[in-house]
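Below you'll find the structure, written out as structure tokens, and then a few comments.
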Amino acid sequence: MVCFFPAKLKPRVNTVLGRYAGYISGAGYEADGIRQQIPANAYGGTATFNGGKKGWGRLDWAVPSNEKDSITFVMFDKGKNGFPGLFVGCVTHTVSPFEWHIEYGVTPLLMPGGPLNMAQQAFFNLDGLKKTANGTIGNVLDHKLHLPMSGMRFDFDRYGIPTGNILSNRKGKEHDFWSGPRSFKDILDRNPEALSSVYDETFTISHKYEDYSRREKPSAILSSERSGITMEVYTDQNGIRVHTWNDQIIGEYSNLK
């Protein structure tokens with residue numbers, strides 16, 4: 001999961017999402033033939049979001065390994081936040097010049113089982129907190145995003161639950177980031193009536209079947225002419241989520257409220 005925020009820093013960013021990133025409809029699931037109900041924290045108590053109110057991003061992790069260029073976190077989740085069973089989560093961050101690698105996984109140890117969907121939530125503003133000429137903190141409106149392998153996106157209902165449908169990102173429309181780099185401001189200017197004030201989409205990543213390694217080509221490229229910084233995202237997963245907040249966009253595009 002990669003997110004781009006337009007203006008303000010939130011109090012908790014760049015966390016691990018688990019046990020399940022995204023929404024679980026009905027705040028429950030069936031495992032080993034038994035319906036497991038878990039605490040709800042979304043849509044008036046009808047769904048569980050990002051592992052619940054105290055998901056993995058809000059819990060303490062052990063640090064079994066801490067090297068010069070890497071650190072490993074481990075979480076023993078036995079019934080935390082109402083999820084049954086015992087699951088062990090592991091996340092390793094490794095840094096090198098101009099690169100940040102994240103590897104994660106989960107091992108179930110005690111029944112019952114259940115759905116697993118870990119993700120790394122990352123928020124970026126390539127201009128940082130540098131102020132503009134008028135004294136305000138910059139946002140990502142002028143950032144250019146390129147998703148070269150994302151001609152499609154997942155469909156969600158009004159409660160954020162996947163419908164199972166795949167939607168086309170038509171060339172030139174507000175979800176077209178595959179045909180070339182496009183700034184958020186350019187899309188808002190061209191399609192003010194078709195786009196709400198924020199993005200909250202999961203784009204598919206169409207890796208070629210013959211590719212041995214999905215990490216050889218970037219799945220997302222974000223760049224800022226103002227700072228001169230370009231960020232490339234490589235992943236072996238099949239989807240990438242783009243989420244923007246509208247703190248400043250609403251102010252600049254009041255017709256989109």
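Labeling convention for the structure tokens: chains A, B, ... as they appear, residues from 1 per chain, ligands from 1 in order of appearance.
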Residues of stretch 81-229 of chain A classed as strand (DSSP E) by DSSP on the backbone are to be reported as a ChimeraX atom specification.
/A:86-96,99-110,119-120,122-124,144-146,152-156,162-168,182-183,200-204,220-224,229
Measuring between only C-alpha atoms, which one of A:Pro97, A:Gly57, A:Gly114, A:Gly85 shows the shortest distance to A:Glu30?
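Among the listed residues, the smallest separation from A:Glu30 belongs to A:Gly114.
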Min atom-atom distance to A:Leu129 from the set A:Arg170, A:Gly239, A:Ser227, A:Val74, counting only C-alpha atoms, belongs to A:Ser227
Looking at A:Asp69, A:Glu201, A:Asp157, A:Glu103, which one is nearest to A:His243, with distances taken over only C-alpha atoms?
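Ranked by minimum distance to A:His243, first place goes to A:Glu201.
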Using only C-alpha atoms, can you tell me which of A:Ser150, A:Ser183, A:Thr202, A:Asn81 comes closest to A:Ala220?
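Counting only C-alpha atoms, the residue closest to A:Ala220 is A:Ser150.
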DSSP-assigned helix (DSSP H, G or I) among stretch 9-253 of chain A, expressed as an MDAnalysis selection string:
chainID A and resid 56:58 80:82 184:190 249:252
Can I get the selected residues back with C-alpha atoms, as a PDB file, in the first residue's frame?
ATOM      1  CA  TRP A  56      -0.982  -4.463  14.354  1.00  0.00           C
ATOM      2  CA  GLY A  57       0.027  -0.874  13.658  1.00  0.00           C
ATOM      3  CA  ARG A  58      -1.092   0.095  17.177  1.00  0.00           C
ATOM      4  CA  LYS A  80      -5.366  -9.796  19.974  1.00  0.00           C
ATOM      5  CA  ASN A  81      -8.173  -7.464  19.001  1.00  0.00           C
ATOM      6  CA  GLY A  82     -10.632 -10.349  19.039  1.00  0.00           C
ATOM      7  CA  PHE A 184      -3.018  15.257  -9.557  1.00  0.00           C
ATOM      8  CA  LYS A 185      -3.622  18.922 -10.341  1.00  0.00           C
ATOM      9  CA  ASP A 186      -3.780  18.179 -14.071  1.00  0.00           C
ATOM     10  CA  ILE A 187      -6.425  15.522 -13.491  1.00  0.00           C
ATOM     11  CA  LEU A 188      -8.496  17.776 -11.244  1.00  0.00           C
ATOM     12  CA  ASP A 189      -8.313  20.584 -13.790  1.00  0.00           C
ATOM     13  CA  ARG A 190      -9.380  18.318 -16.637  1.00  0.00           C
ATOM     14  CA  ILE A 249      -7.376  20.099  -2.064  1.00  0.00           C
ATOM     15  CA  ILE A 250     -10.862  20.979  -0.834  1.00  0.00           C
ATOM     16  CA  GLY A 251      -9.710  24.519  -0.172  1.00  0.00           C
ATOM     17  CA  GLU A 252      -8.237  24.926  -3.654  1.00  0.00           C
TER      18      GLU A 252
END
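The nearest approach to A:Pro84 among the residues A:Gly22, A:Gly28, A:Gly105, A:Gly138, with only C-alpha atoms taken into account, belongs to A:Gly28.
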Could you check how far atom CA of A:Ser25 sits from atom CA of A:Leu116, in Å to one decimal?
14.2 Å
Near-A:Leu126 list (12 Å; only C-alpha atoms; drop same-chain fewer than 6 positions) as number ranges by chain
A: 3-7, 137-145, 221-232
Would you mind listing what lies within 12 Å of A:Phe156 as a ChimeraX atom specification, with only C-alpha atoms counted and same-chain residues fewer than 4 positions away left out?
/A:22-23,25,160-167,200-203
What does the file look like for those residues with N, CA and C atoms, as a CSV table (one decimal), in the first residue's frame?
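That gives us out-v1.csv:
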chain,number,residue,atom,x,y,z
A,22,GLY,N,-7.4,-3.6,5.0
A,22,GLY,CA,-8.7,-3.4,4.3
A,22,GLY,C,-9.9,-3.8,5.1
A,23,TYR,N,-11.0,-4.0,4.5
A,23,TYR,CA,-12.2,-4.2,5.2
A,23,TYR,C,-12.6,-5.7,5.2
A,25,SER,N,-16.1,-7.5,5.7
A,25,SER,CA,-17.5,-7.2,5.7
A,25,SER,C,-18.2,-8.0,6.8
A,160,GLY,N,-16.7,0.4,1.0
A,160,GLY,CA,-15.3,0.1,0.9
A,160,GLY,C,-15.1,-1.4,0.8
A,161,ILE,N,-16.1,-2.2,0.6
A,161,ILE,CA,-16.0,-3.7,0.4
A,161,ILE,C,-15.8,-4.0,-1.0
A,162,PRO,N,-14.8,-4.8,-1.4
A,162,PRO,CA,-14.6,-5.2,-2.8
A,162,PRO,C,-15.9,-5.9,-3.4
A,163,THR,N,-16.3,-5.6,-4.6
A,163,THR,CA,-17.4,-6.2,-5.2
A,163,THR,C,-17.0,-7.4,-6.0
A,164,GLY,N,-15.7,-7.6,-6.3
A,164,GLY,CA,-15.3,-8.6,-7.2
A,164,GLY,C,-15.2,-8.2,-8.6
A,165,ASN,N,-15.6,-7.0,-9.0
A,165,ASN,CA,-15.5,-6.5,-10.3
A,165,ASN,C,-14.2,-5.8,-10.5
A,166,ILE,N,-13.7,-5.8,-11.8
A,166,ILE,CA,-12.5,-5.1,-12.2
A,166,ILE,C,-12.9,-4.0,-13.1
A,167,LEU,N,-12.5,-2.8,-12.9
A,167,LEU,CA,-12.9,-1.6,-13.7
A,167,LEU,C,-11.7,-1.2,-14.6
A,200,ASP,N,-8.9,7.1,-3.3
A,200,ASP,CA,-8.9,6.0,-2.4
A,200,ASP,C,-9.1,4.7,-3.2
A,201,GLU,N,-8.1,4.4,-4.0
A,201,GLU,CA,-8.3,3.3,-5.0
A,201,GLU,C,-7.2,2.2,-4.9
A,202,THR,N,-7.6,1.0,-5.2
A,202,THR,CA,-6.6,-0.1,-5.3
A,202,THR,C,-6.5,-0.4,-6.8
A,203,PHE,N,-5.3,-0.1,-7.3
A,203,PHE,CA,-5.0,-0.4,-8.7
A,203,PHE,C,-4.4,-1.8,-8.9
